[in-house]
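Chemist: Pasting work-v3.txt here (compact mmCIF, C-alpha atoms):
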```
# COMPACT_ATOMS: atom_id res chain seq x y z
CA MET Q 942 0.00 0.00 0.00
CA HIS Q 943 1.10 3.56 -0.76
CA LEU Q 944 -0.20 6.13 1.74
CA ALA Q 945 0.23 9.90 1.25
CA VAL Q 946 0.50 12.01 4.41
CA ASN Q 947 0.36 15.76 4.90
CA THR Q 948 3.45 16.53 7.01
CA ARG Q 949 3.64 20.31 6.68
CA PHE Q 950 3.57 20.69 10.50
CA LEU Q 951 6.84 18.75 10.88
CA LEU Q 952 8.84 21.95 10.94
CA PRO Q 953 12.65 22.05 10.86
CA GLY Q 954 14.41 22.53 14.19
CA ASP Q 955 12.71 22.41 17.60
CA GLN Q 956 9.48 24.10 16.53
CA LEU Q 957 6.85 21.46 17.17
CA GLU Q 958 3.72 22.46 19.08
CA GLY Q 959 0.48 20.54 19.59
CA ILE Q 960 -0.44 19.59 16.00
CA GLY Q 961 3.18 19.03 15.04
CA ARG Q 962 3.70 16.81 18.08
CA PHE Q 963 0.56 14.81 17.23
CA THR Q 964 1.79 14.41 13.64
CA LEU Q 965 5.28 13.29 14.63
CA GLU Q 966 4.36 10.87 17.39
CA THR Q 967 1.52 9.13 15.59
CA LEU Q 968 3.51 8.83 12.36
CA ARG Q 969 6.52 7.50 14.24
CA CYS Q 970 4.29 4.68 15.51
CA LEU Q 971 2.53 4.08 12.18
CA VAL Q 972 5.78 3.85 10.21
CA ALA Q 973 7.16 1.30 12.70
CA GLN Q 974 3.91 -0.65 12.98
CA HIS Q 975 3.43 -0.99 9.20
CA PRO Q 976 6.72 -1.71 7.41
CA GLU Q 977 4.69 -3.12 4.53
CA VAL Q 978 3.33 0.37 3.72
CA THR Q 979 5.21 3.03 1.77
CA PHE Q 980 4.51 6.38 3.41
CA HIS Q 981 4.80 9.44 1.15
CA PHE Q 982 5.38 12.46 3.40
CA LEU Q 983 4.30 15.68 1.68
CA PHE Q 984 6.19 18.71 3.03
CA ASP Q 985 5.61 22.32 2.05
CA ARG Q 986 9.26 23.38 2.57
CA PRO Q 987 12.73 21.84 2.94
CA TYR Q 988 12.51 19.25 5.70
CA ASP Q 989 14.64 17.99 8.55
CA ARG Q 990 16.06 14.55 7.70
CA ARG Q 991 15.15 13.27 11.16
CA TYR Q 992 11.51 13.33 10.01
CA VAL Q 993 12.19 10.56 7.51
CA LEU Q 994 11.08 8.11 10.15
CA GLY Q 995 11.99 4.82 8.50
CA PRO Q 996 13.14 3.08 5.33
CA ASN Q 997 9.51 2.91 4.19
CA VAL Q 998 9.18 6.74 4.13
CA VAL Q 999 9.63 8.78 0.94
CA ALA Q 1000 9.75 12.57 1.38
CA HIS Q 1001 8.42 15.04 -1.18
CA VAL Q 1002 8.53 18.85 -1.09
CA LEU Q 1003 5.57 20.56 -2.77
CA ALA Q 1004 5.59 24.34 -3.24
CA PRO Q 1005 4.48 26.84 -2.10
CA PRO Q 1006 5.04 26.95 1.69
CA ALA Q 1007 1.50 27.06 3.09
CA ARG Q 1008 1.25 29.49 6.01
CA HIS Q 1009 -1.37 31.94 4.70
CA PRO Q 1010 -4.96 31.33 3.56
CA VAL Q 1011 -4.16 32.12 -0.08
CA LEU Q 1012 -1.22 29.72 0.08
CA PHE Q 1013 -3.36 27.11 1.86
CA VAL Q 1014 -5.54 27.05 -1.25
CA ALA Q 1015 -2.54 26.98 -3.59
CA TRP Q 1016 -0.95 24.10 -1.70
CA PHE Q 1017 -3.94 21.87 -0.93
CA GLU Q 1018 -6.11 22.54 -3.98
CA GLY Q 1019 -3.16 22.93 -6.33
CA ALA Q 1020 0.08 21.14 -5.43
CA VAL Q 1021 -1.38 18.36 -3.27
CA ALA Q 1022 -4.33 17.67 -5.57
CA LEU Q 1023 -1.97 17.45 -8.56
CA TRP Q 1024 0.42 15.11 -6.73
CA LEU Q 1025 -2.47 12.83 -5.71
CA ALA Q 1026 -3.79 12.78 -9.29
CA ARG Q 1027 -0.38 11.75 -10.61
CA HIS Q 1028 0.49 9.12 -8.01
CA ARG Q 1029 -2.93 7.73 -6.92
CA PRO Q 1030 -2.05 6.48 -3.42
CA ALA Q 1031 -4.51 4.26 -1.60
CA ALA Q 1032 -5.44 7.12 0.73
CA PHE Q 1033 -4.44 10.62 1.86
CA LEU Q 1034 -4.00 11.10 5.61
CA SER Q 1035 -3.96 14.69 6.89
CA PRO Q 1036 -3.19 15.10 10.61
CA ASP Q 1037 -3.64 18.90 10.77
CA GLY Q 1038 -7.34 19.44 10.08
CA PHE Q 1039 -6.97 20.47 6.41
CA THR Q 1040 -7.20 18.35 3.27
CA THR Q 1041 -7.91 18.87 -0.42
CA LEU Q 1042 -11.29 18.98 -2.10
CA GLY Q 1043 -9.72 18.38 -5.51
CA THR Q 1044 -9.22 14.63 -5.42
CA ARG Q 1045 -11.08 11.33 -5.50
CA VAL Q 1046 -8.39 9.63 -3.41
CA PRO Q 1047 -9.97 8.51 -0.11
CA ARG Q 1048 -9.21 11.03 2.61
CA VAL Q 1049 -8.71 10.62 6.36
CA THR Q 1050 -8.59 13.93 8.22
CA VAL Q 1051 -7.74 14.61 11.85
CA ILE Q 1052 -9.74 17.48 13.35
CA HIS Q 1053 -8.22 19.05 16.45
CA ASP Q 1054 -10.88 21.60 17.34
CA LEU Q 1055 -13.58 23.91 15.99
CA VAL Q 1056 -12.68 26.95 18.08
CA PHE Q 1057 -13.14 29.22 15.04
CA GLU Q 1058 -16.83 28.26 14.98
CA HIS Q 1059 -17.34 29.41 18.55
CA ARG Q 1060 -14.95 32.31 19.22
CA ALA Q 1061 -14.35 34.96 16.56
CA ASP Q 1062 -11.60 36.59 18.64
CA THR Q 1063 -9.12 33.71 18.47
CA THR Q 1064 -7.91 34.09 14.86
CA GLY Q 1065 -7.46 36.82 12.30
CA ARG Q 1066 -10.41 37.63 10.03
CA LEU Q 1067 -8.98 36.13 6.83
CA VAL Q 1068 -7.80 32.92 8.51
CA ARG Q 1069 -11.18 32.47 10.20
CA ALA Q 1070 -12.97 33.03 6.87
CA TYR Q 1071 -10.84 30.26 5.34
CA TYR Q 1072 -11.66 27.91 8.23
CA LEU Q 1073 -15.39 28.66 8.15
CA PHE Q 1074 -15.57 28.01 4.41
CA PHE Q 1075 -13.25 25.03 4.03
CA VAL Q 1076 -13.27 23.00 7.25
CA PRO Q 1077 -16.91 21.86 7.05
CA ARG Q 1078 -16.30 20.93 3.42
CA PHE Q 1079 -13.12 19.06 4.37
CA ALA Q 1080 -15.04 17.19 7.05
CA ARG Q 1081 -17.82 16.14 4.68
CA ALA Q 1082 -15.43 15.23 1.84
CA SER Q 1083 -13.32 12.95 4.06
CA ARG Q 1084 -14.38 9.31 4.17
CA GLN Q 1085 -13.16 9.04 7.76
CA LEU Q 1086 -12.50 11.64 10.43
CA VAL Q 1087 -10.46 11.38 13.60
CA ALA Q 1088 -10.96 13.78 16.52
CA VAL Q 1089 -8.39 14.27 19.27
CA SER Q 1090 -10.99 14.11 22.04
CA GLU Q 1091 -14.55 13.02 22.67
CA ALA Q 1092 -15.34 16.72 23.14
CA THR Q 1093 -14.14 17.54 19.61
CA LYS Q 1094 -16.04 14.56 18.21
CA ALA Q 1095 -19.24 15.76 19.88
CA ASP Q 1096 -18.61 19.26 18.52
CA LEU Q 1097 -18.21 17.89 14.97
CA VAL Q 1098 -21.49 16.01 15.27
CA ALA Q 1099 -23.38 18.96 16.77
CA THR Q 1100 -21.91 21.70 14.56
CA TYR Q 1101 -21.78 19.94 11.19
CA GLY Q 1102 -24.39 17.21 11.61
CA LEU Q 1103 -21.86 14.45 10.89
CA ASP Q 1104 -22.37 10.74 11.48
CA PRO Q 1105 -20.54 9.86 14.72
CA LYS Q 1106 -19.90 6.35 13.37
CA ARG Q 1107 -17.30 7.68 10.94
CA ILE Q 1108 -15.41 9.71 13.56
CA GLY Q 1109 -12.73 7.96 15.61
CA VAL Q 1110 -10.99 9.44 18.64
CA ALA Q 1111 -7.19 9.48 18.93
CA HIS Q 1112 -6.04 11.39 22.00
CA ASN Q 1113 -2.77 13.18 22.39
CA ALA Q 1114 -0.28 11.65 24.85
CA PRO Q 1115 2.76 12.77 26.83
CA ALA Q 1116 6.19 11.95 25.43
CA ALA Q 1117 8.47 9.64 27.42
CA LEU Q 1118 10.74 12.51 28.51
CA PHE Q 1119 7.98 13.93 30.73
CA ARG Q 1120 8.42 12.19 34.07
CA PRO Q 1121 9.03 13.13 37.72
CA GLN Q 1122 12.52 14.44 38.50
CA ASP Q 1123 14.57 14.13 41.67
CA ALA Q 1124 15.01 17.01 44.11
CA ALA Q 1125 18.49 17.92 42.86
CA ARG Q 1126 17.24 18.26 39.28
CA GLN Q 1127 14.31 20.38 40.45
CA ARG Q 1128 16.63 22.72 42.36
CA ALA Q 1129 18.82 23.09 39.28
CA VAL Q 1130 15.80 23.98 37.13
CA ARG Q 1131 14.60 26.60 39.62
CA ALA Q 1132 18.10 28.06 39.81
CA LYS Q 1133 18.20 28.36 36.02
CA PHE Q 1134 14.72 29.72 35.33
CA SER Q 1135 13.24 31.34 38.46
CA GLY Q 1136 16.18 32.55 40.54
CA GLY Q 1137 15.71 29.57 42.82
CA GLN Q 1138 12.14 30.57 43.71
CA PRO Q 1139 9.01 28.38 43.51
CA TYR Q 1140 6.83 29.07 40.50
CA PHE Q 1141 3.59 28.41 38.67
CA LEU Q 1142 4.06 27.31 35.06
CA PHE Q 1143 2.15 28.09 31.89
CA VAL Q 1144 3.08 26.29 28.65
CA GLY Q 1145 1.63 27.23 25.27
CA ALA Q 1146 1.77 29.63 22.35
CA LEU Q 1147 0.94 33.21 23.24
CA GLN Q 1148 -2.37 33.68 21.41
CA PRO Q 1149 -5.92 34.68 22.38
CA ARG Q 1150 -7.61 31.41 23.25
CA LYS Q 1151 -4.91 30.53 25.81
CA ASN Q 1152 -6.47 33.19 28.07
CA LEU Q 1153 -3.15 34.57 29.30
CA GLY Q 1154 -4.60 38.00 29.98
CA ASN Q 1155 -6.95 36.55 32.58
CA LEU Q 1156 -4.19 34.37 34.00
CA LEU Q 1157 -1.94 37.41 34.46
CA ARG Q 1158 -4.76 39.33 36.15
CA ALA Q 1159 -5.45 36.34 38.39
CA PHE Q 1160 -1.78 36.01 39.32
CA ASP Q 1161 -1.72 39.69 40.29
CA LEU Q 1162 -4.81 39.17 42.50
CA PHE Q 1163 -3.18 36.10 44.08
CA LYS Q 1164 -0.02 38.07 44.87
CA GLU Q 1165 -2.03 40.95 46.35
CA ALA Q 1166 -4.18 38.71 48.55
CA GLY Q 1167 -1.34 36.38 49.54
CA GLY Q 1168 0.87 39.03 51.06
CA ALA Q 1169 4.10 37.76 52.58
CA ALA Q 1170 3.07 34.13 52.07
CA ALA Q 1171 3.07 34.62 48.31
CA ALA Q 1172 6.06 36.95 48.14
CA ASP Q 1173 8.34 34.33 46.57
CA ALA Q 1174 5.81 33.11 44.01
CA ARG Q 1175 6.77 33.40 40.36
CA LEU Q 1176 4.88 32.74 37.12
CA LEU Q 1177 6.86 31.33 34.19
CA VAL Q 1178 5.24 31.69 30.76
CA VAL Q 1179 6.82 29.24 28.31
CA GLY Q 1180 5.98 29.52 24.62
CA ARG Q 1181 6.47 31.56 21.49
CA ARG Q 1182 4.67 34.80 20.75
CA ALA Q 1183 2.06 33.71 18.19
CA TRP Q 1184 -0.82 35.78 16.78
CA LEU Q 1185 -2.98 38.58 18.21
CA ALA Q 1186 -0.80 38.65 21.34
CA GLY Q 1187 -1.09 42.41 21.91
CA PRO Q 1188 -3.77 42.20 24.65
CA ILE Q 1189 -1.61 39.71 26.58
CA PHE Q 1190 1.24 42.19 26.85
CA ALA Q 1191 -1.20 45.02 27.58
CA ALA Q 1192 -2.43 43.01 30.58
CA TYR Q 1193 1.16 42.34 31.59
CA LYS Q 1194 2.02 46.06 31.54
CA GLN Q 1195 -0.93 46.78 33.84
CA MET Q 1196 0.22 44.29 36.50
CA ARG Q 1197 1.43 45.49 39.89
CA HIS Q 1198 3.56 42.36 40.21
CA ALA Q 1199 4.90 42.13 36.67
CA GLY Q 1200 8.39 41.62 38.09
CA ALA Q 1201 7.31 38.17 39.29
CA VAL Q 1202 6.43 37.05 35.74
CA GLU Q 1203 9.03 35.68 33.35
CA PHE Q 1204 8.40 35.14 29.62
CA THR Q 1205 10.95 32.51 28.63
CA GLY Q 1206 9.96 32.05 24.98
CA ARG Q 1207 10.28 28.53 23.61
CA VAL Q 1208 12.62 26.20 25.48
CA ALA Q 1209 14.30 22.93 24.53
CA ASP Q 1210 12.37 19.75 25.28
CA ASP Q 1211 14.74 18.69 28.07
CA ASP Q 1212 14.31 22.06 29.77
CA LEU Q 1213 10.54 21.84 29.37
CA ALA Q 1214 10.50 18.43 31.06
CA GLY Q 1215 12.44 19.88 33.97
CA LEU Q 1216 10.19 22.93 34.20
CA TYR Q 1217 7.07 20.79 34.55
CA ALA Q 1218 8.63 18.55 37.17
CA ALA Q 1219 9.94 21.43 39.30
CA ALA Q 1220 6.79 23.62 39.19
CA ARG Q 1221 4.56 24.22 42.18
CA ALA Q 1222 1.73 23.63 39.70
CA THR Q 1223 0.99 23.96 36.00
CA VAL Q 1224 -1.68 26.57 35.32
CA TYR Q 1225 -3.39 26.14 31.94
CA VAL Q 1226 -6.76 27.88 31.65
CA PRO Q 1227 -7.68 28.36 27.96
CA TYR Q 1228 -11.11 29.43 26.83
CA PHE Q 1229 -11.25 26.46 24.45
CA GLU Q 1230 -9.15 23.41 23.58
CA GLY Q 1231 -9.36 20.41 21.30
CA PHE Q 1232 -7.39 18.33 23.79
CA GLY Q 1233 -4.93 20.18 26.07
CA LEU Q 1234 -1.53 18.51 25.75
CA PRO Q 1235 0.17 20.56 28.53
CA VAL Q 1236 -2.29 19.04 31.00
CA VAL Q 1237 -1.11 15.47 30.45
CA GLU Q 1238 2.54 16.48 30.01
CA ALA Q 1239 2.38 18.10 33.45
CA GLN Q 1240 0.60 15.09 34.94
CA ALA Q 1241 3.22 12.71 33.54
CA SER Q 1242 5.85 14.91 35.21
CA GLY Q 1243 4.21 14.56 38.63
CA CYS Q 1244 3.07 18.19 38.58
CA PRO Q 1245 -0.32 19.31 39.98
CA VAL Q 1246 -2.57 20.96 37.39
CA LEU Q 1247 -5.06 23.82 37.40
CA THR Q 1248 -7.09 23.93 34.21
CA SER Q 1249 -10.37 25.12 32.72
CA ASN Q 1250 -13.73 23.44 33.25
CA VAL Q 1251 -14.69 23.80 29.57
CA SER Q 1252 -14.40 21.96 26.23
CA SER Q 1253 -11.96 19.02 26.27
CA LEU Q 1254 -9.95 19.98 29.35
CA PRO Q 1255 -11.87 18.01 31.99
CA GLU Q 1256 -11.67 14.99 29.65
CA ALA Q 1257 -7.90 15.35 29.29
CA ALA Q 1258 -7.41 15.90 33.03
CA GLY Q 1259 -9.54 12.90 34.04
CA PRO Q 1260 -11.72 12.57 37.16
CA GLY Q 1261 -9.92 14.24 40.06
CA GLY Q 1262 -6.80 14.77 37.96
CA ALA Q 1263 -6.81 18.57 38.11
CA LEU Q 1264 -8.31 21.52 39.91
CA LEU Q 1265 -10.94 22.92 37.51
CA VAL Q 1266 -11.94 26.57 37.23
CA ASP Q 1267 -14.06 28.89 35.08
CA PRO Q 1268 -11.51 30.48 32.70
CA THR Q 1269 -13.54 33.71 32.43
CA ASP Q 1270 -13.40 34.33 36.21
CA ALA Q 1271 -10.05 35.88 37.19
CA PRO Q 1272 -10.88 36.00 40.94
CA ALA Q 1273 -11.76 32.29 40.86
CA ILE Q 1274 -8.45 31.51 39.13
CA ALA Q 1275 -6.67 33.59 41.79
CA ALA Q 1276 -8.42 31.66 44.57
CA ALA Q 1277 -7.39 28.36 42.97
CA LEU Q 1278 -3.78 29.59 42.75
CA ALA Q 1279 -3.91 30.39 46.45
CA ARG Q 1280 -5.17 26.90 47.28
CA LEU Q 1281 -2.45 25.28 45.24
CA TRP Q 1282 0.21 27.53 46.73
CA SER Q 1283 -0.65 26.80 50.35
CA ASP Q 1284 -2.18 23.30 50.41
CA GLU Q 1285 0.56 20.69 50.16
CA GLY Q 1286 -1.95 17.86 50.61
CA LEU Q 1287 -4.01 19.10 47.65
CA ARG Q 1288 -0.89 19.26 45.49
CA ALA Q 1289 0.09 15.73 46.48
CA ARG Q 1290 -3.39 14.37 45.69
CA LEU Q 1291 -3.51 16.09 42.31
CA ALA Q 1292 -0.02 14.89 41.43
CA ALA Q 1293 -0.86 11.29 42.31
CA GLN Q 1294 -4.19 11.31 40.46
CA GLY Q 1295 -2.56 13.02 37.48
CA LEU Q 1296 0.13 10.35 37.23
CA ALA Q 1297 -2.60 7.71 37.24
CA ASN Q 1298 -4.68 9.59 34.65
CA GLN Q 1299 -1.99 10.16 32.03
CA ALA Q 1300 -1.53 6.40 31.71
CA ARG Q 1301 -4.85 6.44 29.78
CA PHE Q 1302 -3.08 8.01 26.80
CA SER Q 1303 -0.67 6.35 24.39
CA TRP Q 1304 0.67 7.44 21.00
CA ALA Q 1305 0.73 3.80 19.93
CA ARG Q 1306 -2.99 3.42 20.65
CA SER Q 1307 -3.74 6.69 18.86
CA ALA Q 1308 -1.76 5.47 15.84
CA GLU Q 1309 -3.92 2.34 15.82
CA VAL Q 1310 -7.02 4.54 15.63
CA LEU Q 1311 -5.55 6.36 12.63
CA TRP Q 1312 -4.70 3.07 10.93
CA ALA Q 1313 -8.23 1.76 11.48
CA ALA Q 1314 -9.57 4.96 9.88
CA VAL Q 1315 -7.26 4.54 6.88
CA GLN Q 1316 -8.39 0.93 6.43
CA ALA Q 1317 -12.05 1.92 6.68
CA ALA Q 1318 -11.56 4.74 4.15
CA VAL Q 1319 -9.85 2.43 1.66
CA ALA Q 1320 -12.47 -0.29 2.08
CA GLU Q 1321 -15.46 2.04 1.68
CA PRO Q 1322 -16.97 2.01 -1.83
CA ALA Q 1323 -16.55 5.29 -3.71
CA GLY Q 1324 -19.59 7.46 -3.32
```
The structure given in the file should be rewritten as structure tokens.
Modeler:
Amino acid sequence: MHLAVNTRFLLPGDQLEGIGRFTLETLRCLVAQHPEVTFHFLFDRPYDRRYVLGPNVVAHVLAPPARHPVLFVAWFEGAVALWLARHRPAAFLSPDGFTTLGTRVPRVTVIHDLVFEHRADTTGRLVRAYYLFFVPRFARASRQLVAVSEATKADLVATYGLDPKRIGVAHNAPAALFRPQDAARQRAVRAKFSGGQPYFLFVGALQPRKNLGNLLRAFDLFKEAGGAAAADARLLVVGRRAWLAGPIFAAYKQMRHAGAVEFTGRVADDDLAGLYAAARATVYVPYFEGFGLPVVEAQASGCPVLTSNVSSLPEAAGPGGALLVDPTDAPAIAAALARLWSDEGLRARLAAQGLANQARFSWARSAEVLWAAVQAAVAEPAG
């Protein structure tokens, strides 16, 4: 079997975020699990050789690089459609939510979330217009869909009226490097990143739906109310500046305790693993998520978690696996920070339950869901 795969989110260097991580880890498993299949990885730019994941992988670069709605159309409806017409693989697997309408090759598409359907403020106008027009068409044109959570699956069914029987669920999972660290390693991490002080940790791209403005306001309230007991508390914000980040930095400039906040930018994976393990708690309170990978990465690291009580986040956290809060309520977030700061027993319970919860997720199992979807798409008679 020849299987074409959209790999445009496998970016050179250490630039992988949620969708890129999903793409890499599931494909790593699929390539190893199915040596009888030739995988044709379709990149939109020169690629890192480490992403040729096995001898059964053939890499192709199709122009133009697709990072703008006009170029999305040129790449998917032009370059990809033409490649599929020429090579006629058994199926086209797209792990990033997009596919092409210009082919009769069976398509399997992974949908991560439909946030653009529910919150107009989370993307630019042109990008959102592209999503609103194309994503429902992609979903209906694909023979099989895979959602990254039951919450996203339910959203696909409710929003687009899709048949739930043709939507599988393949969760994200923590990588093996995320694990508890010994006390000496934790001290070294704090010395490097927080001046030796205890800290709350946020991990994610700086963009609207991550709700960083409210988190910064809540941290300020926590510092004000906590007085001397919270004097040493720090907040580390780990992630790249993405899109529409202006209001985040406006909120930061209005803080009374801005000096206790550190924006680290992106960090290497080894540093990230240490940051989770050494944190007082991970604080991740987006308005909306398709899954919420930082939740399970923190849990795998033995770190207590505070997260939102909306969309997929309670599902990712598992029963009792995190302290849940309304992401729109800054005082409630501040109160939860205070509980986590002062209650060692609560932190211990959340850490233990989180370690138990993250065992539910496995990249190998998620790869099996993708493979089942590919098989079903190939076996289904052409409509």
Chemist: Please report, as CSV, each residue of range 1180-1221 of chain Q lying at most 12 Å from range 1060-1076 of chain Q, together with the nearest pair of atoms and the separation in Å rounded to one decimal; use only C-alpha atoms, and order rows by chain and ascending residue number.
Modeler:
```
residue,atom,partner,partner_atom,distance
Q:Ala1183,CA,Q:Thr1064,CA,10.5
Q:Trp1184,CA,Q:Thr1064,CA,7.5
Q:Leu1185,CA,Q:Thr1064,CA,7.5
Q:Ala1186,CA,Q:Thr1063,CA,10.1
Q:Pro1188,CA,Q:Asp1062,CA,11.4
```
Chemist: Please, what distance in Å, to one decimal, runs between CA of Glu958 in chain Q and CA of His1009 in chain Q?
Modeler: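 These atoms are spaced 18.0 Å apart.
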Chemist: Calculated over all atoms listed in the file, which of the candidates Q:Pro1030, Q:Gly1038, Q:Pro953, Q:Gly1187 has the smallest distance to Gly1154 in chain Q?
Modeler: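 Closest residue, counting all atoms listed in the file: Q:Gly1187.
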Chemist: For His1198 in chain Q, which residue among Q:Leu1142, Q:Ala1099, Q:Leu1162, Q:Leu1216 is the nearest when counting only C-alpha atoms?
Modeler: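 Closest to His1198 in chain Q of all the choices is Q:Leu1162.
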Chemist: Taking 4 positions as the minimum chain separation for residues in the same chain, which residues sit within 6 Å of His943 in chain Q when counting all atoms listed in the file? Answer as a list in words.
Modeler: Val978, Thr979, Pro1030 and Ala1031 of chain Q
Chemist: Counting only C-alpha atoms, which residues come within 9 Å of (-9.2, 22.9, 17.6), with the point read in the file's coordinates, and could you list them as a PyMOL selection string?
Modeler: chain Q and resi 1038+1052-1057+1089+1093+1229-1232
Chemist: Store the residues picked out above in a file with C-alpha atoms, as a CSV table (one decimal), in the coordinates of the input.
Modeler:
```
chain,number,residue,atom,x,y,z
Q,1038,GLY,CA,-7.3,19.4,10.1
Q,1052,ILE,CA,-9.7,17.5,13.4
Q,1053,HIS,CA,-8.2,19.0,16.4
Q,1054,ASP,CA,-10.9,21.6,17.3
Q,1055,LEU,CA,-13.6,23.9,16.0
Q,1056,VAL,CA,-12.7,27.0,18.1
Q,1057,PHE,CA,-13.1,29.2,15.0
Q,1089,VAL,CA,-8.4,14.3,19.3
Q,1093,THR,CA,-14.1,17.5,19.6
Q,1229,PHE,CA,-11.2,26.5,24.4
Q,1230,GLU,CA,-9.2,23.4,23.6
Q,1231,GLY,CA,-9.4,20.4,21.3
Q,1232,PHE,CA,-7.4,18.3,23.8
```
Chemist: Please provide the set of residues having any atom within 7 Å of Pro1272 in chain Q, restricted to all atoms listed in the file, with same-chain residues fewer than 3 positions apart removed, written as an MDAnalysis selection string.
Modeler: chainID Q and resid 1159 1275:1276
Chemist: So which residues fall inside 9 Å of (4.9, 29.6, -1.9) if we count all atoms listed in the file? Mind giving them as a compact mmCIF listing (two decimals) with C-alpha atoms, keeping the file's coordinate frame?
Modeler:
```
# COMPACT_ATOMS: atom_id res chain seq x y z
CA ASP Q 985 5.61 22.32 2.05
CA ARG Q 986 9.26 23.38 2.57
CA ALA Q 1004 5.59 24.34 -3.24
CA PRO Q 1005 4.48 26.84 -2.10
CA PRO Q 1006 5.04 26.95 1.69
CA ALA Q 1007 1.50 27.06 3.09
CA ARG Q 1008 1.25 29.49 6.01
CA LEU Q 1012 -1.22 29.72 0.08
CA ALA Q 1015 -2.54 26.98 -3.59
CA TRP Q 1016 -0.95 24.10 -1.70
```
Chemist: Distance CA of Asn997 in chain Q-CA of Ala1313 in chain Q, one decimal place?
Modeler: 19.2 Å
Chemist: Could you give me, as a list of chain:residue names, the residues within 8 Å of range 1128-1138 of chain Q, counting only C-alpha atoms and dropping anything in the same chain fewer than 3 positions from it?
Modeler: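 Close residues of range 1128-1138 of chain Q: Q:Ala1124, Q:Ala1125, Q:Asp1173, Q:Ala1174, Q:Arg1175, Q:Leu1177, Q:Glu1203, Q:Asp1212, Q:Gly1215, Q:Leu1216, Q:Ala1219.
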Chemist: What is the distance, in Å and to one decimal place, between CA of Ala1239 in chain Q and CA of Thr1223 in chain Q?
Modeler: 6.5 Å
Chemist: Counting all atoms listed in the file, figure out which residue out of Q:Thr1040, Q:Gly1259, Q:Ser1253, Q:Gly1206 gets nearest to Asp1096 in chain Q.
Modeler: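 Using all atoms listed in the file, Asp1096 in chain Q sits closest to Q:Ser1253.
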Chemist: Considering only C-alpha atoms, can you say which of Q:Val1179, Q:Ala1293, Q:Ala1171, Q:Leu1156 comes closest to Ala1192 in chain Q?
Modeler: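 The closest residue to Ala1192 in chain Q is Q:Leu1156.
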Chemist: Could you check which of Q:Pro1149, Q:Gly1261, Q:Gly1167, Q:Pro987 is closest to Tyr1228 in chain Q, using only C-alpha atoms?
Modeler: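 Under the stated criterion, the closest residue is Q:Pro1149.
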Chemist: Which polymer residues have any atom within 7 Å of an atom of Gly1180 in chain Q, counting all atoms listed in the file, with same-chain residues fewer than 4 positions away left out, as a list in words?
Modeler: Val1144, Gly1145, Ala1146, Leu1147, Gly1206 and Arg1207 of chain Q
Chemist: Taking all atoms listed in the file into account, which of Q:Leu944, Q:Leu983, Q:Leu1234, Q:Val1110 comes nearest Ala1308 in chain Q?
Modeler: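 Result for the nearest residue to Ala1308 in chain Q: Q:Val1110.
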Chemist: Show me, as a list in words, the residues that have an atom within 10 Å of Tyr1101 in chain Q when counting all atoms listed in the file, minus same-chain residues fewer than 3 positions from it.
Modeler: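 Returned residues: Val1076, Pro1077, Arg1078, Ala1080, Arg1081, Ala1095, Asp1096, Leu1097, Val1098 and Asp1104 of chain Q.
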Chemist: Could you get me a file of range 1139-1153 of chain Q with C-alpha atoms, as a PDB file, in the first residue's frame, taken from the block above?
Modeler:
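Contents of the output file part_23.pdb:
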```pdb
ATOM      1  CA  PRO Q1139       9.015  28.380  43.510  1.00  0.00           C
ATOM      2  CA  TYR Q1140       6.830  29.067  40.497  1.00  0.00           C
ATOM      3  CA  PHE Q1141       3.594  28.408  38.668  1.00  0.00           C
ATOM      4  CA  LEU Q1142       4.064  27.307  35.059  1.00  0.00           C
ATOM      5  CA  PHE Q1143       2.149  28.093  31.889  1.00  0.00           C
ATOM      6  CA  VAL Q1144       3.084  26.286  28.646  1.00  0.00           C
ATOM      7  CA  GLY Q1145       1.633  27.226  25.268  1.00  0.00           C
ATOM      8  CA  ALA Q1146       1.775  29.627  22.355  1.00  0.00           C
ATOM      9  CA  LEU Q1147       0.935  33.209  23.238  1.00  0.00           C
ATOM     10  CA  GLN Q1148      -2.367  33.681  21.408  1.00  0.00           C
ATOM     11  CA  PRO Q1149      -5.925  34.679  22.377  1.00  0.00           C
ATOM     12  CA  ARG Q1150      -7.609  31.407  23.250  1.00  0.00           C
ATOM     13  CA  LYS Q1151      -4.914  30.531  25.809  1.00  0.00           C
ATOM     14  CA  ASN Q1152      -6.472  33.192  28.072  1.00  0.00           C
ATOM     15  CA  LEU Q1153      -3.149  34.568  29.301  1.00  0.00           C
TER      16      LEU Q1153
END
```
